[in-house]
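Participant: Before anything else, here's the structure in question.
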Amino acid sequence: GNSVTQMEGPVTLSEEAFLTINCTYTATGYPSLFWYVQYPGEGLQLLLKATKADDKGSNKGFEATYRKETTSFHLEKGSVQVSDSAVYFCALLYSSASKIIFGSGTRLSIRP
Amino acid sequence: DVKVTQSSRYLVKRTGEKVFLECVQDMDHENMFWYRQDPGLGLRLIYFSYDVKMKEKGDIPEGYSVSREKKERFSLILESASTNQTSMYLCASSLAQIELSQYFGPGTRLTVL
């Protein structure tokens with residue numbers, strides 16, 4: 001079946017460090033892929049998305065490339081800030097059902 | 001901006017009580033969703049709805065029901081709350097077939113004692 005696997009947290013980095021959060025997926029067909037972010041005390045917000053192979057989604061300095069050959073959608077940022085501390089969810093949308101499958105989330109903490 | 005609101009941020013109920021969680025969106029979205037979020041498990045879909053009076057079971061519907069009498073409102077009902085339903089509940093909405101992204105409310109943290 002369809003599923004999303006992302007690296008377990010928590011991930012703790014120093015400010016200005018390079019960030020990678022790994023995400024791989026299993027799906028039939030050609031799903032759309034998303035990264036959502038949840039800041040403390042808030043609901044989820046869409047961070048970026050990619051709808052087809054080789055697409056790159058980007059927002060707020062974050063990037064992720066839809067890699068069909070490796071079924072991956074890793075999240076990267078060149079220089080993290082304390083304000084990036086949050087929980088990040090990788091997700092995929094399959095079929096025409098508008099249903100999204102979420103990964104288990106990765107908690108990111110950035111030290112000043 | 002799309003706004004999804006949930007009736008309560010925090011709720012404490014007793015075992016056996018009937019619990020209503022309300023969600024309202026203001027962007028005329030066709031699709032609405034209820035998830036629960038638990039540590040280490042991510043978000044799990046409870047129920048969703050494509051249109052008024054339509055509902056579909058998600059991955060974990062047991063112990064829950066839903067109601068969608070108006071397009072903008074989607075209610076989650078716990079007929080007889082149990083302690084294993086203590087969780088964060090998130091509502092979301094999206095446009096059908098056009099907008100792939102879901103917009104989330106701030107969540108309701110429910111504690112069942």
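Residue numbering restarts at 1 in every chain; chains get A, B, ... in the order shown in the structure tokens, and ligands count up from 1 in that same order.
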Pick out the chain B residues within 12 Å of chain A. Count only C-alpha atoms. Give them as a ChimeraX atom specification.

Facilitator: /B:2-6,9-10,30-50,56-59,88-109

Participant: Determine, counting only C-alpha atoms, which protein, DNA and RNA residues have an atom within 8 Å of an atom of B:Leu76; residues of the same chain fewer than 2 positions away are not included. Present the result as a PyMOL selection string.

Facilitator: chain B and resi 20-22+34+64-67+74+78

Participant: Using all heavy atoms, can you write the selected residues to a file as a tab-separated table (two decimals), in the first residue's frame?

Facilitator:
chain	number	residue	atom	x	y	z
B	20	PHE	N	-18.39	16.45	21.23
B	20	PHE	CA	-18.53	17.04	19.90
B	20	PHE	C	-17.33	17.96	19.65
B	20	PHE	O	-17.07	18.87	20.44
B	20	PHE	CB	-19.81	17.87	19.80
B	20	PHE	CG	-21.07	17.09	19.85
B	20	PHE	CD1	-21.66	16.77	21.07
B	20	PHE	CD2	-21.69	16.64	18.69
B	20	PHE	CE1	-22.84	16.05	21.13
B	20	PHE	CE2	-22.86	15.92	18.74
B	20	PHE	CZ	-23.42	15.62	19.96
B	21	LEU	N	-16.65	17.73	18.54
B	21	LEU	CA	-15.60	18.65	18.11
B	21	LEU	C	-16.07	19.29	16.81
B	21	LEU	O	-16.45	18.60	15.86
B	21	LEU	CB	-14.28	17.91	17.88
B	21	LEU	CG	-13.73	17.13	19.08
B	21	LEU	CD1	-12.39	16.49	18.71
B	21	LEU	CD2	-13.56	18.03	20.28
B	22	GLU	N	-16.03	20.63	16.79
B	22	GLU	CA	-16.56	21.35	15.65
B	22	GLU	C	-15.44	21.98	14.83
B	22	GLU	O	-14.45	22.47	15.38
B	22	GLU	CB	-17.49	22.47	16.12
B	22	GLU	CG	-18.66	22.02	16.97
B	22	GLU	CD	-19.74	21.34	16.17
B	22	GLU	OE1	-19.78	21.54	14.94
B	22	GLU	OE2	-20.55	20.62	16.76
B	34	TRP	N	-10.90	14.96	9.26
B	34	TRP	CA	-10.54	14.91	10.67
B	34	TRP	C	-9.40	13.92	10.86
B	34	TRP	O	-9.47	12.77	10.39
B	34	TRP	CB	-11.72	14.46	11.54
B	34	TRP	CG	-12.62	15.58	11.95
B	34	TRP	CD1	-13.87	15.85	11.49
B	34	TRP	CD2	-12.35	16.58	12.93
B	34	TRP	NE1	-14.39	16.96	12.11
B	34	TRP	CE2	-13.46	17.43	13.00
B	34	TRP	CE3	-11.25	16.85	13.76
B	34	TRP	CZ2	-13.53	18.52	13.87
B	34	TRP	CZ3	-11.32	17.93	14.62
B	34	TRP	CH2	-12.45	18.76	14.67
B	64	TYR	N	-15.70	6.69	16.45
B	64	TYR	CA	-16.00	8.05	16.01
B	64	TYR	C	-17.14	8.05	14.99
B	64	TYR	O	-17.37	7.06	14.31
B	64	TYR	CB	-14.77	8.69	15.34
B	64	TYR	CG	-13.54	8.74	16.17
B	64	TYR	CD1	-12.58	7.73	16.08
B	64	TYR	CD2	-13.31	9.79	17.04
B	64	TYR	CE1	-11.42	7.77	16.85
B	64	TYR	CE2	-12.15	9.85	17.81
B	64	TYR	CZ	-11.22	8.83	17.70
B	64	TYR	OH	-10.08	8.88	18.47
B	65	SER	N	-17.82	9.16	14.90
B	65	SER	CA	-18.74	9.41	13.80
B	65	SER	C	-18.60	10.88	13.42
B	65	SER	O	-17.92	11.65	14.12
B	65	SER	CB	-20.19	9.08	14.19
B	65	SER	OG	-20.61	9.91	15.27
B	66	VAL	N	-19.19	11.25	12.29
B	66	VAL	CA	-19.08	12.63	11.81
B	66	VAL	C	-20.43	13.10	11.29
B	66	VAL	O	-21.33	12.31	11.01
B	66	VAL	CB	-18.02	12.79	10.70
B	66	VAL	CG1	-16.62	12.61	11.24
B	66	VAL	CG2	-18.31	11.84	9.54
B	67	SER	N	-20.51	14.42	11.15
B	67	SER	CA	-21.72	15.03	10.61
B	67	SER	C	-21.33	16.21	9.76
B	67	SER	O	-20.50	17.04	10.18
B	67	SER	CB	-22.62	15.49	11.76
B	67	SER	OG	-23.71	16.27	11.27
B	74	PHE	N	-17.89	20.77	9.74
B	74	PHE	CA	-17.66	19.31	9.79
B	74	PHE	C	-17.42	18.96	11.25
B	74	PHE	O	-16.45	19.43	11.85
B	74	PHE	CB	-16.46	18.95	8.92
B	74	PHE	CG	-16.28	17.48	8.66
B	74	PHE	CD1	-17.35	16.63	8.49
B	74	PHE	CD2	-15.00	16.95	8.54
B	74	PHE	CE1	-17.18	15.29	8.21
B	74	PHE	CE2	-14.80	15.60	8.27
B	74	PHE	CZ	-15.89	14.77	8.09
B	78	LEU	N	-17.56	11.80	19.35
B	78	LEU	CA	-17.15	10.63	20.10
B	78	LEU	C	-18.38	10.21	20.90
B	78	LEU	O	-18.78	10.90	21.84
B	78	LEU	CB	-16.00	10.96	21.04
B	78	LEU	CG	-14.61	11.18	20.42
B	78	LEU	CD1	-14.54	12.42	19.56
B	78	LEU	CD2	-13.55	11.23	21.51

Participant: Skip B:Lys13 itself and residues of its chain fewer than 6 positions away, then list as an MDAnalysis selection string all residues within 10 Å of it, counting only C-alpha atoms.

Facilitator: chainID B and resid 19 81:83 86 110:113

Participant: Using all heavy atoms, can you write the selected residues to a file as a PDB file, in the first residue's frame?

Facilitator:
ATOM      1  N   VAL B  19     -18.883  13.509  23.092  1.00  0.00           N
ATOM      2  CA  VAL B  19     -18.045  14.680  22.833  1.00  0.00           C
ATOM      3  C   VAL B  19     -18.250  15.151  21.394  1.00  0.00           C
ATOM      4  O   VAL B  19     -18.262  14.327  20.464  1.00  0.00           O
ATOM      5  CB  VAL B  19     -16.551  14.356  23.059  1.00  0.00           C
ATOM      6  CG1 VAL B  19     -15.695  15.601  22.823  1.00  0.00           C
ATOM      7  CG2 VAL B  19     -16.327  13.809  24.460  1.00  0.00           C
ATOM      8  N   ALA B  81     -16.800   8.617  24.992  1.00  0.00           N
ATOM      9  CA  ALA B  81     -15.355   8.851  25.042  1.00  0.00           C
ATOM     10  C   ALA B  81     -14.638   7.819  25.911  1.00  0.00           C
ATOM     11  O   ALA B  81     -15.132   7.400  26.965  1.00  0.00           O
ATOM     12  CB  ALA B  81     -15.073  10.250  25.560  1.00  0.00           C
ATOM     13  N   SER B  82     -13.460   7.439  25.455  1.00  0.00           N
ATOM     14  CA  SER B  82     -12.623   6.513  26.222  1.00  0.00           C
ATOM     15  C   SER B  82     -11.230   7.126  26.370  1.00  0.00           C
ATOM     16  O   SER B  82     -10.839   8.014  25.598  1.00  0.00           O
ATOM     17  CB  SER B  82     -12.533   5.157  25.527  1.00  0.00           C
ATOM     18  OG  SER B  82     -11.915   5.295  24.266  1.00  0.00           O
ATOM     19  N   THR B  83     -10.472   6.629  27.341  1.00  0.00           N
ATOM     20  CA  THR B  83      -9.165   7.225  27.627  1.00  0.00           C
ATOM     21  C   THR B  83      -8.211   7.099  26.435  1.00  0.00           C
ATOM     22  O   THR B  83      -7.333   7.945  26.250  1.00  0.00           O
ATOM     23  CB  THR B  83      -8.528   6.578  28.861  1.00  0.00           C
ATOM     24  OG1 THR B  83      -8.490   5.159  28.686  1.00  0.00           O
ATOM     25  CG2 THR B  83      -9.332   6.889  30.124  1.00  0.00           C
ATOM     26  N   THR B  86      -7.769  10.098  24.078  1.00  0.00           N
ATOM     27  CA  THR B  86      -6.996  11.281  24.440  1.00  0.00           C
ATOM     28  C   THR B  86      -5.966  11.535  23.346  1.00  0.00           C
ATOM     29  O   THR B  86      -5.155  10.659  23.041  1.00  0.00           O
ATOM     30  CB  THR B  86      -6.292  11.068  25.787  1.00  0.00           C
ATOM     31  OG1 THR B  86      -7.271  11.010  26.817  1.00  0.00           O
ATOM     32  CG2 THR B  86      -5.312  12.197  26.073  1.00  0.00           C
ATOM     33  N   LEU B 110      -7.664  17.015  23.273  1.00  0.00           N
ATOM     34  CA  LEU B 110      -8.705  16.385  24.081  1.00  0.00           C
ATOM     35  C   LEU B 110      -8.077  15.442  25.092  1.00  0.00           C
ATOM     36  O   LEU B 110      -7.255  14.595  24.726  1.00  0.00           O
ATOM     37  CB  LEU B 110      -9.677  15.609  23.184  1.00  0.00           C
ATOM     38  CG  LEU B 110     -10.714  14.739  23.897  1.00  0.00           C
ATOM     39  CD1 LEU B 110     -11.710  15.622  24.655  1.00  0.00           C
ATOM     40  CD2 LEU B 110     -11.458  13.840  22.915  1.00  0.00           C
ATOM     41  N   THR B 111      -8.483  15.605  26.337  1.00  0.00           N
ATOM     42  CA  THR B 111      -8.069  14.689  27.399  1.00  0.00           C
ATOM     43  C   THR B 111      -9.323  14.010  27.934  1.00  0.00           C
ATOM     44  O   THR B 111     -10.280  14.684  28.317  1.00  0.00           O
ATOM     45  CB  THR B 111      -7.361  15.434  28.542  1.00  0.00           C
ATOM     46  OG1 THR B 111      -6.213  16.105  28.006  1.00  0.00           O
ATOM     47  CG2 THR B 111      -6.914  14.462  29.624  1.00  0.00           C
ATOM     48  N   VAL B 112      -9.292  12.679  27.940  1.00  0.00           N
ATOM     49  CA  VAL B 112     -10.412  11.913  28.492  1.00  0.00           C
ATOM     50  C   VAL B 112      -9.942  11.249  29.784  1.00  0.00           C
ATOM     51  O   VAL B 112      -8.987  10.467  29.776  1.00  0.00           O
ATOM     52  CB  VAL B 112     -10.910  10.852  27.502  1.00  0.00           C
ATOM     53  CG1 VAL B 112     -12.116  10.106  28.087  1.00  0.00           C
ATOM     54  CG2 VAL B 112     -11.287  11.490  26.166  1.00  0.00           C
ATOM     55  N   LEU B 113     -10.608  11.602  30.868  1.00  0.00           N
ATOM     56  CA  LEU B 113     -10.187  11.106  32.185  1.00  0.00           C
ATOM     57  C   LEU B 113     -10.967   9.851  32.580  1.00  0.00           C
ATOM     58  O   LEU B 113     -12.113   9.670  32.169  1.00  0.00           O
ATOM     59  CB  LEU B 113     -10.390  12.186  33.238  1.00  0.00           C
ATOM     60  CG  LEU B 113      -9.645  13.506  32.970  1.00  0.00           C
ATOM     61  CD1 LEU B 113     -10.003  14.525  34.027  1.00  0.00           C
ATOM     62  CD2 LEU B 113      -8.144  13.245  32.971  1.00  0.00           C
TER      63      LEU B 113
END

Participant: According to DSSP computed on the backbone, where in chain B is there strand (DSSP E)? Give the residues as a ChimeraX atom specification.

Facilitator: /B:4-6,10-13,19-25,31-38,42-49,56-57,65-70,73-78,87-94,103-104,108-112
